[in-house]
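J.: Below is one structure. I have some questions about it.
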Amino acid sequence: MLSAESAALVRATLPAVGGALDEITTRFYASLFEGHPELLDGMFNRGNQASGQQRKALAGSVAAFAGALLADPEARPDRLLSRIAHKHAAVGVTDDQYTIVHKYLFGAIAEVLGEAVTPEVAAAWDEVYWLMAGALIAQEARLYLEAQVRPGHPWREWTVVERREETADTVSFLLRPADGAPAPAARAGQYVSVRVRMPDGVHQLRQYTLSSAPGGDVRRITVKRVEGAGGAPDGEVSDLLHGSVAAGDVLTLSAPFGDVVLDTAERPLVLVSAGIGCTPMVAMLEHLAATGSGRPVTVLHADRSPAEHALRADMARLVAELTDARAALWYEEGAEAVPQARTGRMDLADLDGLDVPSDADVYLCGPLPFMRTVRAQLLAAGVPARAVRYEVFGPDLWLADAA
């Protein structure tokens with residue numbers, strides 16, 4: 001609970017802090033890595049740092065948490081905290097690192113805001129920080145326990161048993177635990193971190209969805225080569241996986257994490273994706289098919305072309321296997337090559353009888369502009385916001401369900 005005194009100070013200073021968060025987080029990461037360069041080796045993704053995504057996500061989450069506390073001092077923005085906790089567990093964050101972050105974050109706040117940060121203001125924001133950190137530490141401890149891994153050490157070696165070229169820029173790797181022990185429990189929709197050593201000796205990691213059903217000892221990840229945009233570099237991890245990993249190689253993977261998972265209800269299910277956002281949807285479809293589900297399922301997917309639609313054959317096969325499933329596809333070009341596919345970008349007004357049930361559970365994954373547009377269309381169609389769950393590949397810059 002945020003004290004009344006601290007709430008008043010945070011409310012008064014939130015506009016100034018919020019307006020300076022980008023500068024604060026920029027200074028924070030610079031000083032953090034100067035003081036602890038080891039954190040760049042296997043903890044932080046260099047691509048996210050170069051693009052600014054990591055600092056924007058940190059700024060957004062701090063502002064969202066503070067705003068939630070001001071709206072209700074006893075509030076806990078559960079979805080926001082859960083999403084962050086799962087990301088942290090997947091990269092091996094430990095309790096002591098919150099003390100390190102506190103030191104450099106509050107140092108950056110003092111540098112940027114100067115005399116505006118009185119001892120009283122610093123104490124109020126300190127309370128916000130430790131409320132957030134304490135909640136995350138508790139969640140992460142539970143996640144490590146459930147995954148049966150030591151805190152900070154979610155890693156395990158996996159052997160690549162097969163490499164499959166899905167499209168010109170997408171490849172799947174089928175993996176089996178290298179130690180021969182059973183694969184860890186997972187849920188459809190979860191992801192793993194892949195940790196690799198780069199040519200310069202630094203470890204980098206990236207999260208990839210488990211794109212197959214969570215049962216069995218062979219798991220699949222499907223990796224799209226990331227091309228840099230807006231001055232950002234190409235994806236280091238995806239380039240290395242595409243260029244040098246083959247059957248027989250060994251990869252280091254984390255235990256499965258992620259809270260955007262298929263529920264066990266029998267309500268209608270709508271899976272909406274674009275591009276490589278199809279991976280959690282295919283995993284969910286595989287799980288439904290493997291368990292003989294009779295749940296009503298509507299699959300909606302958009303892509304540039306059929307040739308660039310990764311796992312297209314898997315998606316079609318699984319929809320056909322399910323007893324009450326249907327699909328609609330949109331392609332910006334080449335739609336005529338796929339029966340009943342639509343030309344252009346996804347438009348939920350163009351469903352021809354595939355109306356989205358208002359009581360459906362909706363899962364959404366794809367580029368942020370796509371998800372923003374589709375979510376707005378879903379809400380306009382009467383689907384409650386709480387029923388729409390989304391997954392972001394990389395730092396969450398949207399925070400649409402932070403409350």
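Going through the structure tokens in order, the chains are called A, B, and so on, while each chain numbers its residues from 1 and the ligands are numbered from 1 in the order shown.
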Might you pull out every residue within 9 Å of Leu32 in chain A, with only C-alpha atoms counted and same-chain residues fewer than 6 positions away left off, and present them as a list in words?
T.: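 Neighbouring residues, sequence-local ones excluded: Leu39, Ile100, Val101, Lys103, Tyr104 and Leu105 of chain A.
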J.: Tell me, as an mmCIF file with C-alpha atoms, in the first residue's frame, which residues lie within 6 Å of range 169-178 of chain A, counting only C-alpha atoms; anything in the same chain fewer than 3 positions away does not count.
T.:
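out_24.cif, written as the output of this step:
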data_model
loop_
_atom_site.group_PDB
_atom_site.id
_atom_site.type_symbol
_atom_site.label_atom_id
_atom_site.label_comp_id
_atom_site.auth_asym_id
_atom_site.auth_seq_id
_atom_site.Cartn_x
_atom_site.Cartn_y
_atom_site.Cartn_z
ATOM 1 C CA GLU A 157 21.163 -27.593 -22.914
ATOM 2 C CA TRP A 158 19.009 -28.800 -25.848
ATOM 3 C CA THR A 159 20.101 -30.721 -28.948
ATOM 4 C CA VAL A 160 18.822 -29.657 -32.357
ATOM 5 C CA VAL A 161 17.305 -32.814 -33.856
ATOM 6 C CA GLU A 162 16.019 -31.161 -37.031
ATOM 7 C CA ARG A 163 16.199 -27.852 -38.878
ATOM 8 C CA ARG A 164 13.262 -26.915 -41.130
ATOM 9 C CA GLU A 165 13.275 -24.049 -43.614
ATOM 10 C CA GLU A 166 9.771 -22.576 -43.300
ATOM 11 C CA ASP A 217 10.079 -34.242 -25.187
ATOM 12 C CA VAL A 218 10.656 -32.620 -28.586
ATOM 13 C CA ARG A 219 9.899 -28.904 -28.711
ATOM 14 C CA ARG A 220 9.965 -26.484 -31.630
ATOM 15 C CA ILE A 221 10.941 -22.845 -31.915
ATOM 16 C CA THR A 222 10.389 -20.880 -35.122
ATOM 17 C CA VAL A 223 12.805 -18.016 -35.762
ATOM 18 C CA LYS A 224 12.295 -15.152 -38.198
ATOM 19 C CA ARG A 225 15.414 -13.309 -39.281
#
J.: Ala168 in chain A: which residues within 12 Å, counting only C-alpha atoms, same-chain residues fewer than 5 positions away excluded, as number ranges by chain?
T.: A: 223-225, 242, 305-310
J.: Give me the residues within 8 Å of range 372-377 of chain A as a VMD selection string, counting only C-alpha atoms and dropping any in the same chain fewer than 3 places off.
T.: chain A and resid 347 to 348 368 to 369 380 to 381 388
J.: What's the 7 Å shell around Ala85 in chain A, counting only C-alpha atoms, without same-chain residues fewer than 4 positions away, as a PyMOL selection string?
T.: chain A and resi 81+89+136+139-140
J.: Could you take the residues named above and write them with C-alpha atoms, as a PDB file, in the first residue's frame?
T.:
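Resulting contents of out-v9.pdb:
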ATOM      1  CA  LEU A  81       3.571  -7.234 -13.106  1.00  0.00           C
ATOM      2  CA  ALA A  89      12.531 -15.128 -14.955  1.00  0.00           C
ATOM      3  CA  LEU A 136       8.068  -8.648  -8.794  1.00  0.00           C
ATOM      4  CA  GLN A 139       6.250 -13.346  -8.398  1.00  0.00           C
ATOM      5  CA  GLU A 140       9.635 -14.322  -9.792  1.00  0.00           C
TER       6      GLU A 140
END
J.: Name the residues in contact with range 248-261 of chain A at a cut-off of 7 Å, using only C-alpha atoms, excluding same-chain residues fewer than 3 positions from it; report them as a PDB file with N, CA and C atoms, in the first residue's frame.
T.:
ATOM      1  N   SER A  82       2.798  -9.386 -13.918  1.00  0.00           N
ATOM      2  CA  SER A  82       2.976 -10.768 -14.363  1.00  0.00           C
ATOM      3  C   SER A  82       3.805 -10.828 -15.632  1.00  0.00           C
ATOM      4  N   ARG A  83       3.507  -9.942 -16.575  1.00  0.00           N
ATOM      5  CA  ARG A  83       4.250  -9.924 -17.835  1.00  0.00           C
ATOM      6  C   ARG A  83       5.736  -9.652 -17.582  1.00  0.00           C
ATOM      7  N   HIS A  86       7.538 -12.693 -15.747  1.00  0.00           N
ATOM      8  CA  HIS A  86       7.855 -13.802 -16.652  1.00  0.00           C
ATOM      9  C   HIS A  86       9.065 -13.470 -17.521  1.00  0.00           C
ATOM     10  N   ALA A  90      12.721 -15.453 -17.359  1.00  0.00           N
ATOM     11  CA  ALA A  90      13.251 -16.074 -18.573  1.00  0.00           C
ATOM     12  C   ALA A  90      14.679 -15.652 -18.884  1.00  0.00           C
ATOM     13  N   ALA A 147       8.845 -23.636 -12.043  1.00  0.00           N
ATOM     14  CA  ALA A 147       9.636 -24.171 -13.154  1.00  0.00           C
ATOM     15  C   ALA A 147      10.686 -25.175 -12.687  1.00  0.00           C
ATOM     16  N   PRO A 154      17.826 -20.434 -15.068  1.00  0.00           N
ATOM     17  CA  PRO A 154      16.765 -21.190 -15.742  1.00  0.00           C
ATOM     18  C   PRO A 154      17.250 -22.017 -16.922  1.00  0.00           C
ATOM     19  N   TRP A 155      18.590 -22.154 -17.084  1.00  0.00           N
ATOM     20  CA  TRP A 155      19.154 -22.651 -18.334  1.00  0.00           C
ATOM     21  C   TRP A 155      19.308 -24.166 -18.382  1.00  0.00           C
ATOM     22  N   ARG A 156      19.230 -24.680 -19.625  1.00  0.00           N
ATOM     23  CA  ARG A 156      19.414 -26.107 -19.871  1.00  0.00           C
ATOM     24  C   ARG A 156      19.856 -26.289 -21.317  1.00  0.00           C
ATOM     25  N   GLU A 157      20.671 -27.324 -21.569  1.00  0.00           N
ATOM     26  CA  GLU A 157      21.163 -27.593 -22.914  1.00  0.00           C
ATOM     27  C   GLU A 157      20.154 -28.451 -23.692  1.00  0.00           C
ATOM     28  N   TRP A 158      19.930 -28.075 -24.967  1.00  0.00           N
ATOM     29  CA  TRP A 158      19.009 -28.800 -25.848  1.00  0.00           C
ATOM     30  C   TRP A 158      19.732 -29.117 -27.157  1.00  0.00           C
ATOM     31  N   THR A 159      19.507 -30.309 -27.679  1.00  0.00           N
ATOM     32  CA  THR A 159      20.101 -30.721 -28.948  1.00  0.00           C
ATOM     33  C   THR A 159      19.133 -30.459 -30.086  1.00  0.00           C
ATOM     34  N   VAL A 160      19.637 -29.866 -31.161  1.00  0.00           N
ATOM     35  CA  VAL A 160      18.822 -29.657 -32.357  1.00  0.00           C
ATOM     36  C   VAL A 160      18.706 -30.990 -33.092  1.00  0.00           C
ATOM     37  N   VAL A 161      17.498 -31.526 -33.183  1.00  0.00           N
ATOM     38  CA  VAL A 161      17.305 -32.814 -33.856  1.00  0.00           C
ATOM     39  C   VAL A 161      16.879 -32.630 -35.313  1.00  0.00           C
ATOM     40  N   PRO A 184      10.797 -29.994 -19.639  1.00  0.00           N
ATOM     41  CA  PRO A 184      10.033 -29.352 -18.567  1.00  0.00           C
ATOM     42  C   PRO A 184       8.592 -29.113 -18.980  1.00  0.00           C
ATOM     43  N   ALA A 186       5.251 -27.231 -19.850  1.00  0.00           N
ATOM     44  CA  ALA A 186       5.026 -25.969 -20.545  1.00  0.00           C
ATOM     45  C   ALA A 186       3.541 -25.832 -20.839  1.00  0.00           C
ATOM     46  N   ARG A 187       3.128 -24.617 -21.174  1.00  0.00           N
ATOM     47  CA  ARG A 187       1.748 -24.337 -21.562  1.00  0.00           C
ATOM     48  C   ARG A 187       1.738 -23.709 -22.939  1.00  0.00           C
ATOM     49  N   ALA A 188       0.708 -24.010 -23.695  1.00  0.00           N
ATOM     50  CA  ALA A 188       0.614 -23.484 -25.057  1.00  0.00           C
ATOM     51  C   ALA A 188       0.576 -21.961 -25.030  1.00  0.00           C
ATOM     52  N   GLY A 189       1.521 -21.347 -25.747  1.00  0.00           N
ATOM     53  CA  GLY A 189       1.641 -19.896 -25.779  1.00  0.00           C
ATOM     54  C   GLY A 189       2.891 -19.392 -25.090  1.00  0.00           C
ATOM     55  N   GLN A 190       3.575 -20.254 -24.340  1.00  0.00           N
ATOM     56  CA  GLN A 190       4.766 -19.806 -23.621  1.00  0.00           C
ATOM     57  C   GLN A 190       5.973 -19.712 -24.544  1.00  0.00           C
ATOM     58  N   TYR A 191       7.025 -19.058 -24.029  1.00  0.00           N
ATOM     59  CA  TYR A 191       8.249 -18.855 -24.791  1.00  0.00           C
ATOM     60  C   TYR A 191       9.450 -19.321 -23.973  1.00  0.00           C
ATOM     61  N   VAL A 192      10.579 -19.433 -24.637  1.00  0.00           N
ATOM     62  CA  VAL A 192      11.847 -19.712 -23.966  1.00  0.00           C
ATOM     63  C   VAL A 192      12.853 -18.658 -24.406  1.00  0.00           C
ATOM     64  N   SER A 193      13.842 -18.399 -23.572  1.00  0.00           N
ATOM     65  CA  SER A 193      14.988 -17.585 -23.984  1.00  0.00           C
ATOM     66  C   SER A 193      16.023 -18.507 -24.598  1.00  0.00           C
ATOM     67  N   VAL A 194      16.592 -18.078 -25.715  1.00  0.00           N
ATOM     68  CA  VAL A 194      17.715 -18.788 -26.330  1.00  0.00           C
ATOM     69  C   VAL A 194      18.965 -17.950 -26.073  1.00  0.00           C
ATOM     70  N   ARG A 195      19.964 -18.566 -25.463  1.00  0.00           N
ATOM     71  CA  ARG A 195      21.183 -17.851 -25.058  1.00  0.00           C
ATOM     72  C   ARG A 195      22.345 -18.363 -25.891  1.00  0.00           C
ATOM     73  N   VAL A 196      22.978 -17.465 -26.661  1.00  0.00           N
ATOM     74  CA  VAL A 196      24.049 -17.864 -27.565  1.00  0.00           C
ATOM     75  C   VAL A 196      25.271 -16.973 -27.347  1.00  0.00           C
ATOM     76  N   VAL A 245      23.366 -22.615 -37.198  1.00  0.00           N
ATOM     77  CA  VAL A 245      22.863 -23.716 -36.361  1.00  0.00           C
ATOM     78  C   VAL A 245      22.226 -24.782 -37.235  1.00  0.00           C
ATOM     79  N   ARG A 389      -6.293 -10.826 -24.958  1.00  0.00           N
ATOM     80  CA  ARG A 389      -4.944 -10.959 -24.429  1.00  0.00           C
ATOM     81  C   ARG A 389      -3.959 -10.902 -25.591  1.00  0.00           C
ATOM     82  N   TYR A 390      -2.823 -10.273 -25.351  1.00  0.00           N
ATOM     83  CA  TYR A 390      -1.877 -10.083 -26.442  1.00  0.00           C
ATOM     84  C   TYR A 390      -0.471 -10.428 -25.996  1.00  0.00           C
ATOM     85  N   GLU A 391       0.355 -10.814 -26.951  1.00  0.00           N
ATOM     86  CA  GLU A 391       1.757 -11.113 -26.695  1.00  0.00           C
ATOM     87  C   GLU A 391       2.623 -10.220 -27.562  1.00  0.00           C
TER      88      GLU A 391
END
